[in-house]
>>> print(open('coords_26.csv').read())   # CSV, C-alpha atoms
chain,number,residue,atom,x,y,z
A,1,MET,CA,-50.4,32.6,-20.6
A,2,SER,CA,-52.7,29.9,-21.8
A,3,PRO,CA,-54.4,27.5,-19.3
A,4,GLN,CA,-52.5,24.6,-20.9
A,5,LYS,CA,-49.1,26.4,-20.3
A,6,LEU,CA,-50.0,27.1,-16.7
A,7,ILE,CA,-50.9,23.5,-16.1
A,8,GLN,CA,-47.6,22.4,-17.7
A,9,ASN,CA,-45.5,24.8,-15.5
A,10,HIS,CA,-47.3,23.6,-12.4
A,11,ILE,CA,-46.5,20.0,-13.3
A,12,ASP,CA,-42.9,20.8,-14.0
A,13,LEU,CA,-42.5,22.7,-10.7
A,14,ASN,CA,-44.1,19.8,-8.7
A,15,TRP,CA,-41.8,17.3,-10.4
A,16,MET,CA,-38.7,19.3,-9.5
A,17,ARG,CA,-39.9,19.6,-5.9
A,18,SER,CA,-40.6,15.9,-5.7
A,19,PHE,CA,-37.2,15.1,-7.2
A,20,PHE,CA,-35.2,17.3,-4.8
A,21,LYS,CA,-37.2,15.9,-1.9
A,22,THR,CA,-36.9,12.2,-2.8
A,23,LYS,CA,-33.4,12.2,-4.4
A,24,PRO,CA,-31.2,14.2,-2.0
A,25,ASN,CA,-28.3,11.8,-2.3
A,26,ILE,CA,-28.2,12.1,-6.0
A,27,ILE,CA,-28.2,15.9,-5.9
A,28,LEU,CA,-25.4,15.8,-3.3
A,29,PHE,CA,-23.4,13.4,-5.4
A,30,ILE,CA,-23.7,15.7,-8.5
A,31,PHE,CA,-22.8,18.7,-6.4
A,32,ILE,CA,-19.7,17.0,-5.0
A,33,ILE,CA,-18.6,15.9,-8.5
A,34,ILE,CA,-18.9,19.5,-9.8
A,35,LEU,CA,-16.9,20.9,-6.9
A,36,GLY,CA,-14.4,18.1,-6.6
A,37,GLY,CA,-13.3,17.9,-10.2
A,38,CYS,CA,-10.2,19.8,-11.4
A,39,GLU,CA,-10.0,21.7,-14.6
A,40,LYS,CA,-7.3,20.7,-17.1
A,41,GLU,CA,-5.6,24.1,-17.0
A,42,ASN,CA,-5.3,27.1,-14.6
A,43,SER,CA,-6.9,25.3,-11.6
A,44,ALA,CA,-4.8,23.8,-8.8
A,45,CYS,CA,-5.7,20.3,-7.5
A,46,TYR,CA,-4.4,18.5,-4.4
A,47,LEU,CA,-3.2,15.0,-4.3
A,48,LYS,CA,-3.2,13.6,-0.7
A,49,GLY,CA,-2.3,10.3,0.9
A,50,VAL,CA,-0.6,8.5,3.7
A,51,VAL,CA,2.4,6.2,4.0
A,52,ARG,CA,2.0,3.3,6.3
A,53,HIS,CA,3.4,-0.1,7.4
A,54,ILE,CA,2.1,-2.8,5.1
A,55,TYR,CA,1.3,-5.3,7.9
A,56,THR,CA,0.4,-3.2,11.0
A,57,LYS,CA,-1.1,-0.3,9.0
A,58,VAL,CA,0.7,2.1,11.4
A,59,PRO,CA,1.4,5.5,9.7
A,60,LEU,CA,5.1,6.2,9.0
A,61,SER,CA,6.4,9.7,9.6
A,62,GLY,CA,9.5,11.4,8.3
A,63,PHE,CA,9.5,9.6,4.9
A,64,GLU,CA,10.4,11.6,1.8
A,65,VAL,CA,7.7,11.3,-0.9
A,66,SER,CA,8.3,12.3,-4.5
A,67,LEU,CA,5.8,13.3,-7.2
A,68,GLU,CA,6.5,12.8,-10.9
A,69,GLU,CA,4.4,13.0,-14.1
A,70,ARG,CA,4.4,10.1,-16.6
A,71,ARG,CA,3.3,11.0,-20.1
A,72,SER,CA,3.0,8.8,-23.1
A,73,GLY,CA,5.5,9.2,-25.9
A,74,TRP,CA,6.2,7.9,-29.4
A,75,ASN,CA,8.4,5.1,-28.3
A,76,SER,CA,8.3,5.1,-24.5
A,77,PRO,CA,6.8,7.1,-21.6
A,78,SER,CA,8.6,10.3,-20.4
A,79,TYR,CA,9.0,11.1,-16.7
A,80,THR,CA,9.2,14.6,-15.2
A,81,PHE,CA,10.0,15.3,-11.6
A,82,LEU,CA,7.5,17.7,-10.1
A,83,ASN,CA,8.0,18.0,-6.3
A,84,LYS,CA,8.8,16.2,-3.1
A,85,THR,CA,7.7,16.5,0.5
A,86,THR,CA,7.9,14.6,3.8
A,87,THR,CA,5.2,12.7,5.7
A,88,ASN,CA,4.0,14.3,8.9
A,89,ALA,CA,3.4,12.7,12.3
A,90,ASN,CA,0.4,11.0,10.9
A,91,GLY,CA,2.2,9.6,7.9
A,92,GLU,CA,0.3,12.1,5.6
A,93,PHE,CA,1.5,13.9,2.6
A,94,THR,CA,0.0,16.6,0.2
A,95,PHE,CA,1.0,17.8,-3.2
A,96,LYS,CA,-0.4,20.8,-5.1
A,97,ILE,CA,-0.8,20.1,-8.8
A,98,GLU,CA,-1.0,23.1,-11.0
A,99,THR,CA,-1.6,21.5,-14.5
A,100,ILE,CA,-3.1,18.2,-15.6
A,101,HIS,CA,-2.4,16.8,-19.1
A,102,ASP,CA,-4.8,14.4,-20.9
A,103,ASP,CA,-2.0,11.9,-21.6
A,104,GLY,CA,-0.4,11.9,-18.2
A,105,THR,CA,-0.6,10.1,-14.8
A,106,PHE,CA,1.1,11.0,-11.6
A,107,GLY,CA,3.7,8.8,-9.9
A,108,VAL,CA,3.9,9.1,-6.1
A,109,GLY,CA,6.4,7.1,-4.2
A,110,VAL,CA,8.9,6.6,-1.4
A,111,SER,CA,12.4,5.6,-2.5
A,112,PHE,CA,15.3,4.3,-0.5
A,113,PRO,CA,17.5,7.1,0.9
A,114,SER,CA,20.6,7.9,-1.0
A,115,ILE,CA,22.6,7.8,2.2
A,116,PHE,CA,22.2,4.6,4.2
A,117,ASP,CA,21.9,4.8,8.0
A,118,SER,CA,20.4,1.7,9.6
A,119,THR,CA,19.5,3.7,12.7
A,120,LYS,CA,17.0,5.7,10.8
A,121,ILE,CA,13.5,4.4,10.2
A,122,THR,CA,13.6,5.6,6.6
A,123,CYS,CA,16.3,3.0,6.0
A,124,GLN,CA,14.2,0.2,7.5
A,125,PHE,CA,11.6,-0.1,4.8
A,126,GLY,CA,11.7,-0.7,1.1
A,127,GLY,CA,10.5,1.9,-1.4
A,128,HIS,CA,7.2,1.8,-3.3
A,129,VAL,CA,5.6,3.8,-6.1
A,130,ILE,CA,1.9,4.1,-7.1
A,131,TYR,CA,0.5,5.8,-10.2
A,132,VAL,CA,-2.6,8.0,-9.8
A,133,ASP,CA,-5.1,8.7,-12.6
A,134,PRO,CA,-5.7,12.4,-12.9
A,135,ASN,CA,-9.4,11.8,-12.6
A,136,LYS,CA,-9.0,10.2,-9.2
A,137,LEU,CA,-6.9,12.8,-7.4
A,138,ASN,CA,-9.5,13.3,-4.8
A,139,PHE,CA,-9.4,9.6,-3.8
A,140,PRO,CA,-7.4,8.6,-0.7
A,141,HIS,CA,-4.0,7.3,-1.8
A,142,ILE,CA,-2.2,4.9,0.4
A,143,ILE,CA,1.5,3.8,0.0
A,144,GLU,CA,2.3,0.7,2.0
A,145,LEU,CA,6.0,0.0,2.8
A,146,THR,CA,7.5,-3.5,3.5
A,147,PRO,CA,9.9,-3.7,6.5
A,148,LEU,CA,13.4,-4.8,5.5
A,149,GLY,CA,14.0,-7.5,8.1
A,150,PHE,CA,14.2,-10.5,5.8
A,151,ILE,CA,14.5,-14.1,7.1
A,152,SER,CA,14.4,-17.4,5.3
A,153,THR,CA,13.4,-20.5,7.4
A,154,PHE,CA,14.2,-24.0,6.4
A,155,ALA,CA,14.4,-27.6,7.8
A,156,SER,CA,17.3,-30.0,7.1
A,157,ASP,CA,16.9,-33.4,5.5
A,158,SER,CA,17.7,-35.0,8.8
A,159,THR,CA,14.8,-33.1,10.4
A,160,TRP,CA,12.4,-34.3,7.8
A,161,GLU,CA,13.5,-37.9,8.2
A,162,LYS,CA,13.4,-37.7,12.0
A,163,LEU,CA,9.9,-36.4,12.0
A,164,SER,CA,8.6,-38.4,9.1
A,165,VAL,CA,6.3,-35.6,8.0
A,166,ASP,CA,5.8,-33.5,4.9
A,167,THR,CA,4.5,-30.2,6.3
A,168,ILE,CA,5.8,-27.8,8.9
A,169,ILE,CA,3.8,-24.6,9.7
A,170,VAL,CA,5.9,-21.5,10.5
A,171,SER,CA,4.5,-18.2,11.8
A,172,SER,CA,6.2,-14.8,12.0
A,173,PRO,CA,4.7,-11.8,13.7
A,174,PHE,CA,2.8,-10.9,10.5
A,175,GLU,CA,2.4,-14.0,8.4
A,176,THR,CA,2.1,-17.8,8.4
A,177,ALA,CA,3.6,-20.1,5.7
A,178,LYS,CA,4.2,-23.8,5.1
A,179,LEU,CA,7.5,-25.6,4.8
A,180,ILE,CA,7.0,-28.5,2.4
A,181,ARG,CA,9.4,-31.4,2.2
A,182,GLY,CA,11.7,-31.0,-0.8
A,183,LYS,CA,10.4,-27.6,-1.7
A,184,GLY,CA,12.8,-25.2,-0.1
A,185,ARG,CA,12.2,-22.4,2.4
A,186,ALA,CA,9.5,-20.1,3.9
A,187,GLU,CA,10.5,-16.4,3.7
A,188,PHE,CA,9.2,-13.6,5.9
A,189,HIS,CA,9.6,-9.8,6.2
A,190,VAL,CA,9.6,-8.4,9.7
A,191,ASP,CA,10.7,-5.2,11.4
A,192,PRO,CA,14.5,-5.1,11.2
A,193,ASN,CA,17.2,-4.8,13.9
A,194,GLN,CA,15.1,-6.3,16.6
A,195,TYR,CA,13.9,-9.6,18.1
A,196,SER,CA,10.7,-11.1,16.7
A,197,THR,CA,8.7,-14.1,17.9
A,198,PHE,CA,8.5,-17.0,15.5
A,199,SER,CA,6.7,-20.3,16.1
A,200,TRP,CA,6.4,-23.6,14.3
A,201,TYR,CA,4.8,-27.0,14.5
A,202,TYR,CA,4.5,-30.0,12.2
A,203,LEU,CA,1.4,-31.9,10.9
A,204,LYS,CA,1.5,-35.7,11.0
A,205,ASN,CA,-1.5,-37.7,9.8
A,206,GLY,CA,-3.6,-34.6,10.4
A,207,VAL,CA,-2.4,-34.3,14.0
A,208,LYS,CA,-0.7,-31.1,15.1
A,209,GLY,CA,2.6,-31.5,16.9
A,210,ASN,CA,3.8,-29.4,19.9
A,211,ALA,CA,4.5,-25.8,18.9
A,212,ILE,CA,7.9,-24.3,19.5
A,213,SER,CA,8.5,-20.5,19.9
A,214,LYS,CA,11.7,-18.7,19.5
A,215,GLN,CA,12.9,-15.1,19.8
A,216,ILE,CA,15.0,-14.5,16.7
A,217,TYR,CA,17.0,-11.3,16.0
A,218,VAL,CA,16.5,-10.3,12.4
A,219,PRO,CA,18.9,-7.6,11.1
A,220,ASN,CA,18.2,-5.2,8.3
A,221,SER,CA,18.6,-7.1,5.0
A,222,VAL,CA,20.0,-4.0,3.4
A,223,LYS,CA,23.7,-3.5,4.4
A,224,SER,CA,24.3,-0.4,2.3
A,225,ASN,CA,23.2,1.1,-0.9
A,226,GLU,CA,25.3,-1.5,-2.7
A,227,SER,CA,24.7,-4.8,-0.8
A,228,SER,CA,21.9,-6.7,0.9
A,229,GLY,CA,21.4,-10.2,2.3
A,230,CYS,CA,19.0,-12.5,4.0
A,231,LEU,CA,19.1,-14.3,7.4
A,232,PHE,CA,18.9,-18.1,7.0
A,233,TYR,CA,17.4,-19.9,10.1
A,234,GLU,CA,17.1,-23.6,10.5
A,235,ILE,CA,13.9,-24.9,12.0
A,236,LYS,CA,14.6,-27.6,14.6
A,237,PHE,CA,12.5,-29.8,16.9
>>> encode(input="coords_26.csv", output="structure tokens")
Amino acid sequence: MSPQKLIQNHIDLNWMRSFFKTKPNIILFIFIIILGGCEKENSACYLKGVVRHIYTKVPLSGFEVSLEERRSGWNSPSYTFLNKTTTNANGEFTFKIETIHDDGTFGVGVSFPSIFDSTKITCQFGGHVIYVDPNKLNFPHIIELTPLGFISTFASDSTWEKLSVDTIIVSSPFETAKLIRGKGRAEFHVDPNQYSTFSWYYLKNGVKGNAISKQIYVPNSVKSNESSGCLFYEIKF
């Protein structure tokens, strides 16, 4: 081997040693990408996630999660049911995916139970679906469900006249909203079939009035698979 070739090989070897020594994070990232990717055919992948409360972030167990594939078509997308499972004690679910198509995405969601039973937690939250890109199966997937306790607060015309204000601030256990004179109601979702603490106060010339707190029982807004409603509650001072 010529002296020039030996020098070149030595330079290349030193460069590689230097690269691996100074760029370990890049090497690790490339390694993860190679191992974490899924082949289009004949290689199973896993889609994992968790179902949780949209406000408290508490995981929800015992919820049925369905997996479907949505593929593009000539006129409209086609949907194919693939599998279903139930969340564990930590709200987690896992699906094994055998085949991935280039024109498809995966729909993962929790739907309202076909048989209504207000005593079960699965009937106390609304359904929700997310769509997952096949190239992002290894990402953590979170489905957040909204509780079905639904309350609409309002103030009467006489209350507005009595207070001579334009704004009332109302707070639920999870959210805060404004009641504006002449602009209707403030609506909240809370955990159903239980008492929740609400509070409100008015603003007058930039000064905060005395706050009032009430324990309000909010039922499940869904009465059955065919009917639902909202609790209307008048704010008084």
>>> residues_around(input="coords_26.csv", residues="A:Ser118", least_positions_apart="6", cutoff="10 Å", atoms="all atoms listed in the file", output="PDB file with C-alpha atoms, keeping the file's coordinate frame")
ATOM      1  CA  GLN A 124      14.200   0.200   7.500  1.00  0.00           C
ATOM      2  CA  PRO A 192      14.500  -5.100  11.200  1.00  0.00           C
ATOM      3  CA  ASN A 193      17.200  -4.800  13.900  1.00  0.00           C
ATOM      4  CA  PRO A 219      18.900  -7.600  11.100  1.00  0.00           C
ATOM      5  CA  ASN A 220      18.200  -5.200   8.300  1.00  0.00           C
ATOM      6  CA  VAL A 222      20.000  -4.000   3.400  1.00  0.00           C
ATOM      7  CA  LYS A 223      23.700  -3.500   4.400  1.00  0.00           C
ATOM      8  CA  SER A 224      24.300  -0.400   2.300  1.00  0.00           C
TER       9      SER A 224
END
>>> closest_residue(input="coords_26.csv", among="A:Lys178, A:Arg52, A:His128, A:His189", to="A:Ser152", atoms="all atoms listed in the file")
A:His189
>>> closest_atom_pairs(input="coords_26.csv", of="stretch 48-122 of chain A", to="stretch 167-175 of chain A", cutoff="12 Å", atoms="only C-alpha atoms", output="Markdown table")
| residue | atom | partner | partner_atom | distance |
| --- | --- | --- | --- | --- |
| A:His53 | CA | A:Phe174 | CA | 11.3 |
| A:Ile54 | CA | A:Phe174 | CA | 9.8 |
| A:Tyr55 | CA | A:Phe174 | CA | 6.4 |
| A:Thr56 | CA | A:Phe174 | CA | 8.1 |
| A:Lys57 | CA | A:Phe174 | CA | 11.4 |
>>> atom_distance(input="coords_26.csv", atom1="atom CA of A:Gly104", atom2="atom CA of A:Phe63")
25.2 Å
>>> atom_distance(input="coords_26.csv", atom1="atom CA of A:His101", atom2="atom CA of A:Asn138")
16.3 Å
>>> closest_residue(input="coords_26.csv", among="A:Glu98, A:Asp191, A:Asp133, A:Asp157", to="A:Tyr217", atoms="all atoms listed in the file")
A:Asp191
>>> build_atoms(input="coords_26.csv", residues="stretch 132-151 of chain A", atoms="N, CA and C atoms", output="PDB file, in the coordinates of the input")
ATOM      1  N   VAL A 132      -1.241   7.434 -10.108  1.00  0.00           N
ATOM      2  CA  VAL A 132      -2.600   8.000  -9.800  1.00  0.00           C
ATOM      3  C   VAL A 132      -3.172   8.550 -11.108  1.00  0.00           C
ATOM      4  N   ASP A 133      -4.369   8.108 -11.425  1.00  0.00           N
ATOM      5  CA  ASP A 133      -5.100   8.700 -12.600  1.00  0.00           C
ATOM      6  C   ASP A 133      -5.519  10.100 -12.227  1.00  0.00           C
ATOM      7  N   PRO A 134      -5.305  11.034 -13.147  1.00  0.00           N
ATOM      8  CA  PRO A 134      -5.700  12.400 -12.900  1.00  0.00           C
ATOM      9  C   PRO A 134      -7.140  12.630 -12.515  1.00  0.00           C
ATOM     10  N   ASN A 135      -7.998  11.718 -12.966  1.00  0.00           N
ATOM     11  CA  ASN A 135      -9.400  11.800 -12.600  1.00  0.00           C
ATOM     12  C   ASN A 135      -9.749  11.306 -11.254  1.00  0.00           C
ATOM     13  N   LYS A 136      -8.753  10.769 -10.561  1.00  0.00           N
ATOM     14  CA  LYS A 136      -9.000  10.200  -9.200  1.00  0.00           C
ATOM     15  C   LYS A 136      -8.092  10.853  -8.180  1.00  0.00           C
ATOM     16  N   LEU A 137      -7.748  12.105  -8.386  1.00  0.00           N
ATOM     17  CA  LEU A 137      -6.900  12.800  -7.400  1.00  0.00           C
ATOM     18  C   LEU A 137      -7.518  12.936  -6.070  1.00  0.00           C
ATOM     19  N   ASN A 138      -8.838  13.039  -6.025  1.00  0.00           N
ATOM     20  CA  ASN A 138      -9.500  13.300  -4.800  1.00  0.00           C
ATOM     21  C   ASN A 138      -9.708  11.995  -3.943  1.00  0.00           C
ATOM     22  N   PHE A 139      -9.339  10.837  -4.511  1.00  0.00           N
ATOM     23  CA  PHE A 139      -9.400   9.600  -3.800  1.00  0.00           C
ATOM     24  C   PHE A 139      -8.340   9.541  -2.719  1.00  0.00           C
ATOM     25  N   PRO A 140      -8.538   8.814  -1.613  1.00  0.00           N
ATOM     26  CA  PRO A 140      -7.400   8.600  -0.700  1.00  0.00           C
ATOM     27  C   PRO A 140      -6.377   7.706  -1.240  1.00  0.00           C
ATOM     28  N   HIS A 141      -5.115   8.110  -1.207  1.00  0.00           N
ATOM     29  CA  HIS A 141      -4.000   7.300  -1.800  1.00  0.00           C
ATOM     30  C   HIS A 141      -3.117   6.806  -0.702  1.00  0.00           C
ATOM     31  N   ILE A 142      -2.910   5.506  -0.696  1.00  0.00           N
ATOM     32  CA  ILE A 142      -2.200   4.900   0.400  1.00  0.00           C
ATOM     33  C   ILE A 142      -0.913   4.191  -0.212  1.00  0.00           C
ATOM     34  N   ILE A 143       0.238   4.493   0.375  1.00  0.00           N
ATOM     35  CA  ILE A 143       1.500   3.800   0.000  1.00  0.00           C
ATOM     36  C   ILE A 143       1.902   2.959   1.181  1.00  0.00           C
ATOM     37  N   GLU A 144       1.955   1.647   0.952  1.00  0.00           N
ATOM     38  CA  GLU A 144       2.300   0.700   2.000  1.00  0.00           C
ATOM     39  C   GLU A 144       3.734   0.200   1.802  1.00  0.00           C
ATOM     40  N   LEU A 145       4.555   0.314   2.842  1.00  0.00           N
ATOM     41  CA  LEU A 145       6.000   0.000   2.800  1.00  0.00           C
ATOM     42  C   LEU A 145       6.223  -1.355   3.519  1.00  0.00           C
ATOM     43  N   THR A 146       7.105  -2.174   2.932  1.00  0.00           N
ATOM     44  CA  THR A 146       7.500  -3.500   3.500  1.00  0.00           C
ATOM     45  C   THR A 146       8.724  -3.326   4.362  1.00  0.00           C
ATOM     46  N   PRO A 147       8.701  -3.825   5.612  1.00  0.00           N
ATOM     47  CA  PRO A 147       9.900  -3.700   6.500  1.00  0.00           C
ATOM     48  C   PRO A 147      11.029  -4.589   5.881  1.00  0.00           C
ATOM     49  N   LEU A 148      12.278  -4.168   6.141  1.00  0.00           N
ATOM     50  CA  LEU A 148      13.400  -4.800   5.500  1.00  0.00           C
ATOM     51  C   LEU A 148      14.123  -5.860   6.361  1.00  0.00           C
ATOM     52  N   GLY A 149      13.488  -6.291   7.437  1.00  0.00           N
ATOM     53  CA  GLY A 149      14.000  -7.500   8.100  1.00  0.00           C
ATOM     54  C   GLY A 149      13.583  -8.693   7.316  1.00  0.00           C
ATOM     55  N   PHE A 150      14.544  -9.428   6.764  1.00  0.00           N
ATOM     56  CA  PHE A 150      14.200 -10.500   5.800  1.00  0.00           C
ATOM     57  C   PHE A 150      14.850 -11.810   6.352  1.00  0.00           C
ATOM     58  N   ILE A 151      14.009 -12.822   6.597  1.00  0.00           N
ATOM     59  CA  ILE A 151      14.500 -14.100   7.100  1.00  0.00           C
ATOM     60  C   ILE A 151      13.913 -15.237   6.304  1.00  0.00           C
TER      61      ILE A 151
END
